[in-house]
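Structure file work_3.tsv with TSV, C-alpha atoms:
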```tsv
chain	number	residue	atom	x	y	z
A	1114	MET	CA	-1.90	10.62	29.78
A	1115	ARG	CA	-5.66	10.93	29.59
A	1116	ASN	CA	-7.42	8.49	27.32
A	1117	ILE	CA	-11.12	8.76	26.47
A	1118	CYS	CA	-12.55	6.23	23.99
A	1119	LEU	CA	-16.10	5.73	22.75
A	1120	ALA	CA	-15.89	2.34	21.07
A	1121	GLY	CA	-18.26	-0.24	19.64
A	1122	LEU	CA	-17.88	-3.53	21.41
A	1123	ILE	CA	-16.58	-6.53	19.49
A	1124	TRP	CA	-15.83	-10.03	20.80
A	1125	ALA	CA	-12.50	-8.96	22.20
A	1126	VAL	CA	-14.05	-6.63	24.74
A	1127	SER	CA	-16.93	-8.91	25.64
A	1128	THR	CA	-16.96	-10.55	29.03
A	1129	PRO	CA	-16.10	-14.27	28.65
A	1130	VAL	CA	-19.18	-15.16	30.66
A	1131	PHE	CA	-21.46	-14.13	27.82
A	1132	ALA	CA	-19.63	-16.24	25.27
A	1133	ALA	CA	-20.52	-19.30	27.30
A	1134	GLU	CA	-24.15	-18.24	27.66
A	1135	GLN	CA	-24.91	-17.72	23.96
A	1136	THR	CA	-26.85	-20.33	22.03
A	1137	GLN	CA	-24.91	-22.83	19.96
A	1138	ASP	CA	-26.70	-21.67	16.79
A	1139	ASN	CA	-25.02	-18.24	16.77
A	1140	ARG	CA	-21.42	-18.86	15.75
A	1141	TRP	CA	-20.58	-15.50	14.18
A	1142	GLU	CA	-20.22	-12.08	15.74
A	1143	ILE	CA	-19.61	-8.69	14.15
A	1144	GLY	CA	-18.85	-5.39	15.83
A	1145	ILE	CA	-18.14	-1.80	14.97
A	1146	SER	CA	-16.41	0.80	17.10
A	1147	GLY	CA	-15.48	4.45	17.14
A	1148	GLY	CA	-14.25	7.00	19.63
A	1149	THR	CA	-11.63	9.43	20.72
A	1150	THR	CA	-8.54	9.29	22.88
A	1151	MET	CA	-7.17	12.30	24.74
A	1152	ILE	CA	-3.54	12.11	25.80
A	1153	GLY	CA	-2.67	14.94	28.14
A	1154	ASP	CA	-4.09	18.32	27.14
A	1155	SER	CA	-2.81	18.47	23.57
A	1156	ASP	CA	-2.75	15.04	21.92
A	1157	ASP	CA	-6.22	13.81	20.95
A	1158	GLN	CA	-6.72	10.63	18.95
A	1159	SER	CA	-9.99	9.54	17.37
A	1160	TYR	CA	-10.47	6.10	15.92
A	1161	ILE	CA	-12.88	3.70	14.27
A	1162	ALA	CA	-12.66	-0.10	14.35
A	1163	GLY	CA	-14.60	-3.20	13.40
A	1164	SER	CA	-14.30	-6.95	13.71
A	1165	VAL	CA	-15.63	-10.34	12.64
A	1166	THR	CA	-15.43	-13.36	14.97
A	1167	ARG	CA	-16.16	-17.03	14.35
A	1168	GLU	CA	-16.72	-19.63	17.07
A	1169	ILE	CA	-15.46	-23.17	16.46
A	1170	GLY	CA	-16.55	-25.44	19.27
A	1171	ASP	CA	-15.08	-24.00	22.47
A	1172	ALA	CA	-12.62	-21.87	20.50
A	1173	TYR	CA	-12.89	-18.66	18.52
A	1174	ILE	CA	-10.91	-16.80	15.87
A	1175	GLY	CA	-11.38	-13.31	14.54
A	1176	ILE	CA	-10.01	-10.31	12.73
A	1177	ALA	CA	-10.28	-6.63	13.67
A	1178	ALA	CA	-9.30	-3.49	11.77
A	1179	SER	CA	-8.84	0.03	13.11
A	1180	PHE	CA	-7.93	3.52	11.96
A	1181	THR	CA	-6.57	6.07	14.43
A	1182	ASP	CA	-6.44	9.76	13.54
A	1183	PRO	CA	-4.68	12.28	15.81
A	1184	THR	CA	-5.97	15.83	16.21
A	1185	ALA	CA	-2.81	17.16	17.86
A	1186	THR	CA	-1.22	20.16	16.12
A	1187	GLN	CA	2.18	19.72	17.75
A	1188	GLY	CA	3.88	16.64	19.10
A	1189	PHE	CA	5.52	16.21	22.49
A	1190	LEU	CA	9.33	16.48	22.68
A	1191	ARG	CA	9.51	17.37	18.95
A	1192	THR	CA	7.56	14.28	17.97
A	1193	VAL	CA	5.22	14.02	15.01
A	1194	PRO	CA	1.56	12.90	15.21
A	1195	ALA	CA	0.71	9.92	13.02
A	1196	ARG	CA	-2.35	8.30	11.50
A	1197	THR	CA	-2.36	4.59	12.28
A	1198	GLN	CA	-3.99	1.77	10.32
A	1199	GLN	CA	-3.90	-1.60	12.03
A	1200	ILE	CA	-5.11	-5.18	11.49
A	1201	THR	CA	-5.39	-7.56	14.45
A	1202	LEU	CA	-5.82	-11.34	14.27
A	1203	PHE	CA	-7.07	-12.82	17.54
A	1204	GLY	CA	-8.29	-16.12	18.87
A	1205	GLY	CA	-8.66	-18.25	21.94
A	1206	ILE	CA	-10.19	-21.28	23.55
A	1207	ARG	CA	-12.30	-21.91	26.64
A	1208	LEU	CA	-11.65	-25.03	28.71
A	1209	ASN	CA	-14.33	-25.14	31.40
A	1210	ALA	CA	-13.56	-22.16	33.65
A	1211	VAL	CA	-10.20	-21.36	32.03
A	1212	SER	CA	-9.86	-19.21	28.91
A	1213	PHE	CA	-6.77	-18.65	26.77
A	1214	GLY	CA	-6.59	-15.75	24.33
A	1215	GLY	CA	-4.00	-14.31	21.98
A	1216	ARG	CA	-3.57	-11.61	19.37
A	1217	VAL	CA	-1.13	-10.47	16.69
A	1218	SER	CA	-1.33	-6.93	15.30
A	1219	LEU	CA	0.26	-5.37	12.24
A	1220	GLY	CA	-0.11	-1.81	11.05
A	1221	ARG	CA	1.22	1.25	9.32
A	1222	ARG	CA	1.68	4.80	10.61
A	1223	LYS	CA	1.58	7.88	8.41
A	1224	PHE	CA	3.26	10.88	10.05
A	1225	ASP	CA	1.37	14.14	9.80
A	1226	THR	CA	2.26	17.76	9.20
A	1227	GLU	CA	3.99	19.23	12.25
A	1228	SER	CA	4.01	22.86	13.40
A	1229	LEU	CA	6.80	24.34	15.46
A	1230	GLY	CA	6.63	27.65	17.25
A	1231	SER	CA	3.49	28.83	15.48
A	1232	GLU	CA	1.03	27.75	12.85
A	1233	ASP	CA	2.94	29.93	10.35
A	1234	THR	CA	5.96	27.61	10.37
A	1235	PRO	CA	4.71	24.16	9.34
A	1236	VAL	CA	7.10	21.31	8.74
A	1237	LEU	CA	5.84	19.00	5.99
A	1238	VAL	CA	6.42	15.37	6.86
A	1239	ASP	CA	6.30	12.76	4.11
A	1240	SER	CA	7.22	9.48	5.75
A	1241	SER	CA	5.65	6.50	7.44
A	1242	GLY	CA	6.39	3.87	10.05
A	1243	GLN	CA	5.12	0.53	11.26
A	1244	ILE	CA	3.45	-0.95	14.31
A	1245	PHE	CA	3.49	-4.54	15.55
A	1246	GLY	CA	2.17	-6.30	18.63
A	1247	ALA	CA	1.49	-9.75	20.06
A	1248	GLY	CA	-0.03	-10.83	23.35
A	1249	LEU	CA	-1.38	-13.71	25.39
A	1250	THR	CA	-4.05	-13.69	28.12
A	1251	LEU	CA	-5.12	-16.36	30.62
A	1252	THR	CA	-8.45	-15.91	32.46
A	1253	TYR	CA	-10.13	-18.02	35.15
A	1254	ASP	CA	-13.86	-17.54	35.80
A	1255	ILE	CA	-15.11	-18.30	39.31
A	1256	PRO	CA	-18.89	-18.38	39.93
A	1257	VAL	CA	-20.04	-16.18	42.82
A	1258	GLY	CA	-23.55	-17.09	43.89
A	1259	GLU	CA	-26.17	-17.57	41.20
A	1260	TYR	CA	-25.56	-14.42	39.16
A	1261	GLY	CA	-21.94	-13.43	39.69
A	1262	PHE	CA	-18.51	-14.25	38.22
A	1263	PHE	CA	-15.10	-13.27	39.59
A	1264	SER	CA	-12.38	-13.46	36.92
A	1265	PRO	CA	-8.65	-13.03	37.62
A	1266	SER	CA	-6.46	-12.84	34.51
A	1267	VAL	CA	-2.81	-12.44	33.54
A	1268	SER	CA	-1.56	-10.93	30.28
A	1269	VAL	CA	1.83	-10.66	28.58
A	1270	ASP	CA	2.36	-8.42	25.54
A	1271	TYR	CA	5.16	-7.38	23.22
A	1272	ASP	CA	4.67	-4.23	21.14
A	1273	SER	CA	6.78	-2.24	18.71
A	1274	VAL	CA	5.88	1.15	17.25
A	1275	ASP	CA	7.69	3.66	15.04
A	1276	ILE	CA	7.49	7.30	16.12
A	1277	GLY	CA	8.62	10.34	14.11
A	1278	ARG	CA	10.87	12.96	15.71
A	1279	LEU	CA	11.99	16.31	14.36
A	1280	ALA	CA	15.74	16.93	14.18
A	1281	THR	CA	17.78	19.90	12.97
A	1282	ALA	CA	20.35	19.17	10.28
A	1283	PRO	CA	23.73	20.99	10.20
A	1284	ASN	CA	22.39	23.28	7.48
A	1285	GLY	CA	19.51	24.30	9.72
A	1286	ARG	CA	16.80	22.31	7.93
A	1287	LEU	CA	14.28	20.37	9.97
A	1288	LEU	CA	14.25	16.64	9.23
A	1289	THR	CA	12.01	13.78	10.34
A	1290	VAL	CA	13.89	11.00	12.10
A	1291	GLU	CA	12.08	7.68	12.49
A	1292	GLU	CA	12.64	5.99	15.85
A	1293	ARG	CA	11.50	2.53	16.92
A	1294	GLU	CA	10.11	2.02	20.42
A	1295	ASP	CA	9.46	-1.51	21.67
A	1296	GLY	CA	9.01	-3.35	24.93
A	1297	PHE	CA	7.20	-5.97	26.98
A	1298	SER	CA	4.18	-5.42	29.24
A	1299	GLY	CA	2.51	-7.64	31.81
A	1300	SER	CA	-0.66	-7.26	33.85
A	1301	LEU	CA	-2.53	-9.00	36.65
A	1302	ALA	CA	-6.21	-8.10	36.53
A	1303	PHE	CA	-9.31	-8.88	38.58
A	1304	SER	CA	-12.88	-8.30	37.43
A	1305	TYR	CA	-16.32	-9.09	38.77
A	1306	VAL	CA	-19.49	-9.37	36.68
A	1307	HIS	CA	-23.01	-9.48	38.11
A	1308	LEU	CA	-25.86	-10.61	35.87
A	1309	PHE	CA	-29.27	-8.97	36.28
A	1310	GLY	CA	-32.52	-8.25	34.49
A	1311	GLU	CA	-34.94	-10.59	32.77
A	1312	SER	CA	-33.22	-13.88	31.91
A	1313	ALA	CA	-30.00	-12.31	33.29
A	1314	ALA	CA	-29.64	-10.45	29.99
A	1315	HIS	CA	-27.61	-7.56	31.46
A	1316	SER	CA	-24.42	-7.31	33.50
A	1317	ALA	CA	-22.17	-4.84	35.32
A	1318	GLY	CA	-19.10	-5.00	37.48
A	1319	PRO	CA	-15.73	-3.46	38.54
A	1320	TYR	CA	-12.21	-4.04	37.23
A	1321	ILE	CA	-8.74	-3.54	38.78
A	1322	ALA	CA	-5.28	-4.40	37.48
A	1323	ILE	CA	-1.60	-3.99	38.22
A	1324	VAL	CA	0.44	-3.31	35.07
A	1325	ALA	CA	4.20	-3.26	34.44
A	1326	SER	CA	5.80	-2.20	31.16
A	1327	SER	CA	9.41	-1.89	30.02
A	1328	ASN	CA	8.39	0.95	27.67
A	1329	SER	CA	5.42	3.18	28.36
A	1330	THR	CA	5.28	4.34	24.72
A	1331	VAL	CA	4.17	0.98	23.34
A	1332	PHE	CA	1.57	0.19	26.01
A	1333	SER	CA	-2.08	1.21	25.67
A	1334	PRO	CA	-4.48	1.14	28.63
A	1335	GLY	CA	-6.88	-1.78	28.71
A	1336	THR	CA	-4.56	-4.64	27.80
A	1337	GLY	CA	-6.15	-6.83	30.46
A	1338	GLY	CA	-9.23	-7.52	28.36
A	1339	GLU	CA	-10.02	-4.74	25.91
A	1340	ARG	CA	-8.16	-5.34	22.69
A	1341	VAL	CA	-10.16	-2.69	20.83
A	1342	ALA	CA	-8.99	0.01	23.22
A	1343	GLN	CA	-5.48	-1.31	22.81
A	1344	LEU	CA	-5.52	-0.36	19.13
A	1345	ALA	CA	-5.66	3.33	20.03
A	1346	ALA	CA	-3.83	5.73	22.34
A	1347	ILE	CA	-0.29	5.44	20.97
A	1348	ARG	CA	2.23	7.69	22.69
A	1349	ASN	CA	4.24	9.62	20.16
A	1350	ALA	CA	7.17	10.12	22.51
A	1351	PRO	CA	10.13	8.11	23.87
A	1352	GLY	CA	9.05	5.83	26.69
A	1353	GLU	CA	10.46	4.38	29.89
A	1354	GLY	CA	9.71	1.52	32.23
A	1355	ASP	CA	6.83	1.95	34.65
A	1356	VAL	CA	4.44	0.15	37.02
A	1357	TRP	CA	0.93	1.44	37.65
A	1358	MET	CA	-2.65	0.41	38.46
A	1359	GLU	CA	-5.84	0.49	36.44
A	1360	VAL	CA	-9.33	0.67	37.93
A	1361	GLY	CA	-12.66	0.77	36.17
A	1362	GLY	CA	-15.84	-1.05	35.39
A	1363	SER	CA	-18.00	-2.43	32.61
A	1364	ALA	CA	-21.66	-2.95	31.79
A	1365	SER	CA	-23.42	-4.91	29.05
A	1366	PHE	CA	-27.09	-4.66	28.09
A	1367	GLY	CA	-29.01	-7.13	25.95
A	1368	LEU	CA	-31.00	-5.03	23.49
A	1369	SER	CA	-32.37	-8.18	21.88
A	1370	GLU	CA	-31.55	-11.87	21.82
A	1371	ASN	CA	-28.44	-11.34	19.68
A	1372	LEU	CA	-27.67	-7.62	19.96
A	1373	ARG	CA	-25.76	-6.13	22.90
A	1374	LEU	CA	-24.80	-2.63	24.02
A	1375	ASN	CA	-21.51	-2.62	25.96
A	1376	LEU	CA	-19.93	0.09	28.08
A	1377	SER	CA	-16.66	0.26	30.04
A	1378	ALA	CA	-14.41	2.80	31.77
A	1379	THR	CA	-10.80	2.53	32.95
A	1380	GLN	CA	-8.59	4.95	34.93
A	1381	THR	CA	-4.82	4.64	35.38
A	1382	LEU	CA	-3.28	5.39	38.78
A	1383	GLY	CA	0.43	6.13	39.18
A	1384	PHE	CA	1.35	6.29	35.50
A	1385	VAL	CA	4.75	7.77	34.61
A	1386	GLY	CA	3.04	10.49	32.55
A	1387	PRO	CA	-0.35	12.20	32.83
A	1388	GLU	CA	-3.03	9.74	33.95
A	1389	ALA	CA	-5.34	8.04	31.47
A	1390	ILE	CA	-9.11	7.65	31.44
A	1391	SER	CA	-10.64	5.25	28.92
A	1392	LEU	CA	-14.36	5.17	28.14
A	1393	ASN	CA	-15.74	2.61	25.67
A	1394	ALA	CA	-19.21	2.02	24.25
A	1395	GLY	CA	-20.62	0.10	21.34
A	1396	LEU	CA	-22.60	-2.76	19.87
A	1397	SER	CA	-22.02	-6.41	19.00
A	1398	LEU	CA	-24.29	-8.64	16.94
A	1399	ARG	CA	-24.31	-12.43	16.89
A	1400	PHE	CA	-25.85	-14.50	14.11
```

Please, can you express the file's structure as structure tokens?
Amino acid sequence: MRNICLAGLIWAVSTPVFAAEQTQDNRWEIGISGGTTMIGDSDDQSYIAGSVTREIGDAYIGIAASFTDPTATQGFLRTVPARTQQITLFGGIRLNAVSFGGRVSLGRRKFDTESLGSEDTPVLVDSSGQIFGAGLTLTYDIPVGEYGFFSPSVSVDYDSVDIGRLATAPNGRLLTVEEREDGFSGSLAFSYVHLFGESAAHSAGPYIAIVASSNSTVFSPGTGGERVAQLAAIRNAPGEGDVWMEVGGSASFGLSENLRLNLSATQTLGFVGPEAISLNAGLSLRF
């Protein structure tokens, strides 16, 4: 699986270091995102997302919404592409160097028209499915020198997603069969952030993680700290258990006192299917 996303950064993909560095007067944050995900050579998914976050003391709560639209003309293993609308509630708390975060996601999937054999034989699909997910993340920030932070983290997620598959009835008609895929995923991630520029307004650093999942269908790359990316890149095919690595990096640039431009990239290594590459970019505004 290859996954390329161009996404606007919201709180969920911000480095925890910056949350601690913001002034106490700015308790709200809004973000907008958009991009595309390429799975293999035939299953592209574009998406848009946005969020609102509120800080309450050392804690935060927020809500994010996303819409994912596939551009694939034919599913894998007789599966049906689906448009996905999803709402995610997330929150967390920071206790000195330790941060706890969690999320719950609910959504709906609308299966698209499917073509078999050629574009002259479309199969009209009029059905929908659901998507659900929940996860917890624990992060520990360790100062490295005056301008660096090393942050190991562990994450546990449960996700469930309905996929549509094409089946042939005894009379020869093609039918859509809804199948539910669910499973647990866990990751151990390590990231480093180095602050630079005037007033240390910018940052950049690498990321590496080991990920294990009981069902590769329900897992999206970037669970270790990028909840926006996790809203996209759904595999419309039956999954299986797998263990793999993720490597990448991130950068954040202060465009003004309260406006940031954020970039990140992640590459899977050893995935059960085609490898994934995730690229994310966007803006977040605090007020």

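Taking atom CA of A:Tyr1260 as the reference point, atom CA of A:Ser1391 is found at 26.7 Å.
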
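Taking atom CA of A:Ala1172 and atom CA of A:Gly1220 as endpoints, the distance between them is 25.5 Å.
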
Pairwise distance for atom CA of A:Phe1303 and atom CA of A:Phe1263, rounded to one decimal in Å
7.3 Å

May I have the residues within 8 Å of A:Val1217 as a list in words, using only C-alpha atoms and disregarding those fewer than 3 positions away in the same chain?
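Listed by chain and then number, they are Thr1201, Leu1202, Phe1203, Phe1245, Gly1246, Ala1247 and Gly1248 of chain A.
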
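For the residues A:Ser1300, A:Ser1218, A:Thr1379, A:Asn1393, ranking by smallest atom-to-atom distance to A:Val1356 using all atoms listed in the file places A:Ser1300 first.
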
List as a PyMOL selection string the protein and nucleic acid residues near A:Ile1206, meaning an atom at most 12 Å away when all atoms listed in the file are counted, but skip any in the same chain fewer than 6 places from it.
chain A and resi 1129+1132-1133+1167-1174+1212-1215+1249-1252

Around the point (-22.2, -3.3, 32.7), in the coordinates given by the file, pick out the residues reaching within 9 Å, counting only C-alpha atoms, and return them as an MDAnalysis selection string.
chainID A and resid 1306:1308 1315:1319 1362:1366 1375:1377

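Every protein or nucleic acid residue with an atom no more than 9 Å from A:Glu1353, counting all atoms listed in the file and leaving out same-chain residues fewer than 6 positions away, appears here: Ser1326, Ser1327, Asn1328, Ser1329, Thr1330 and Val1385 of chain A.
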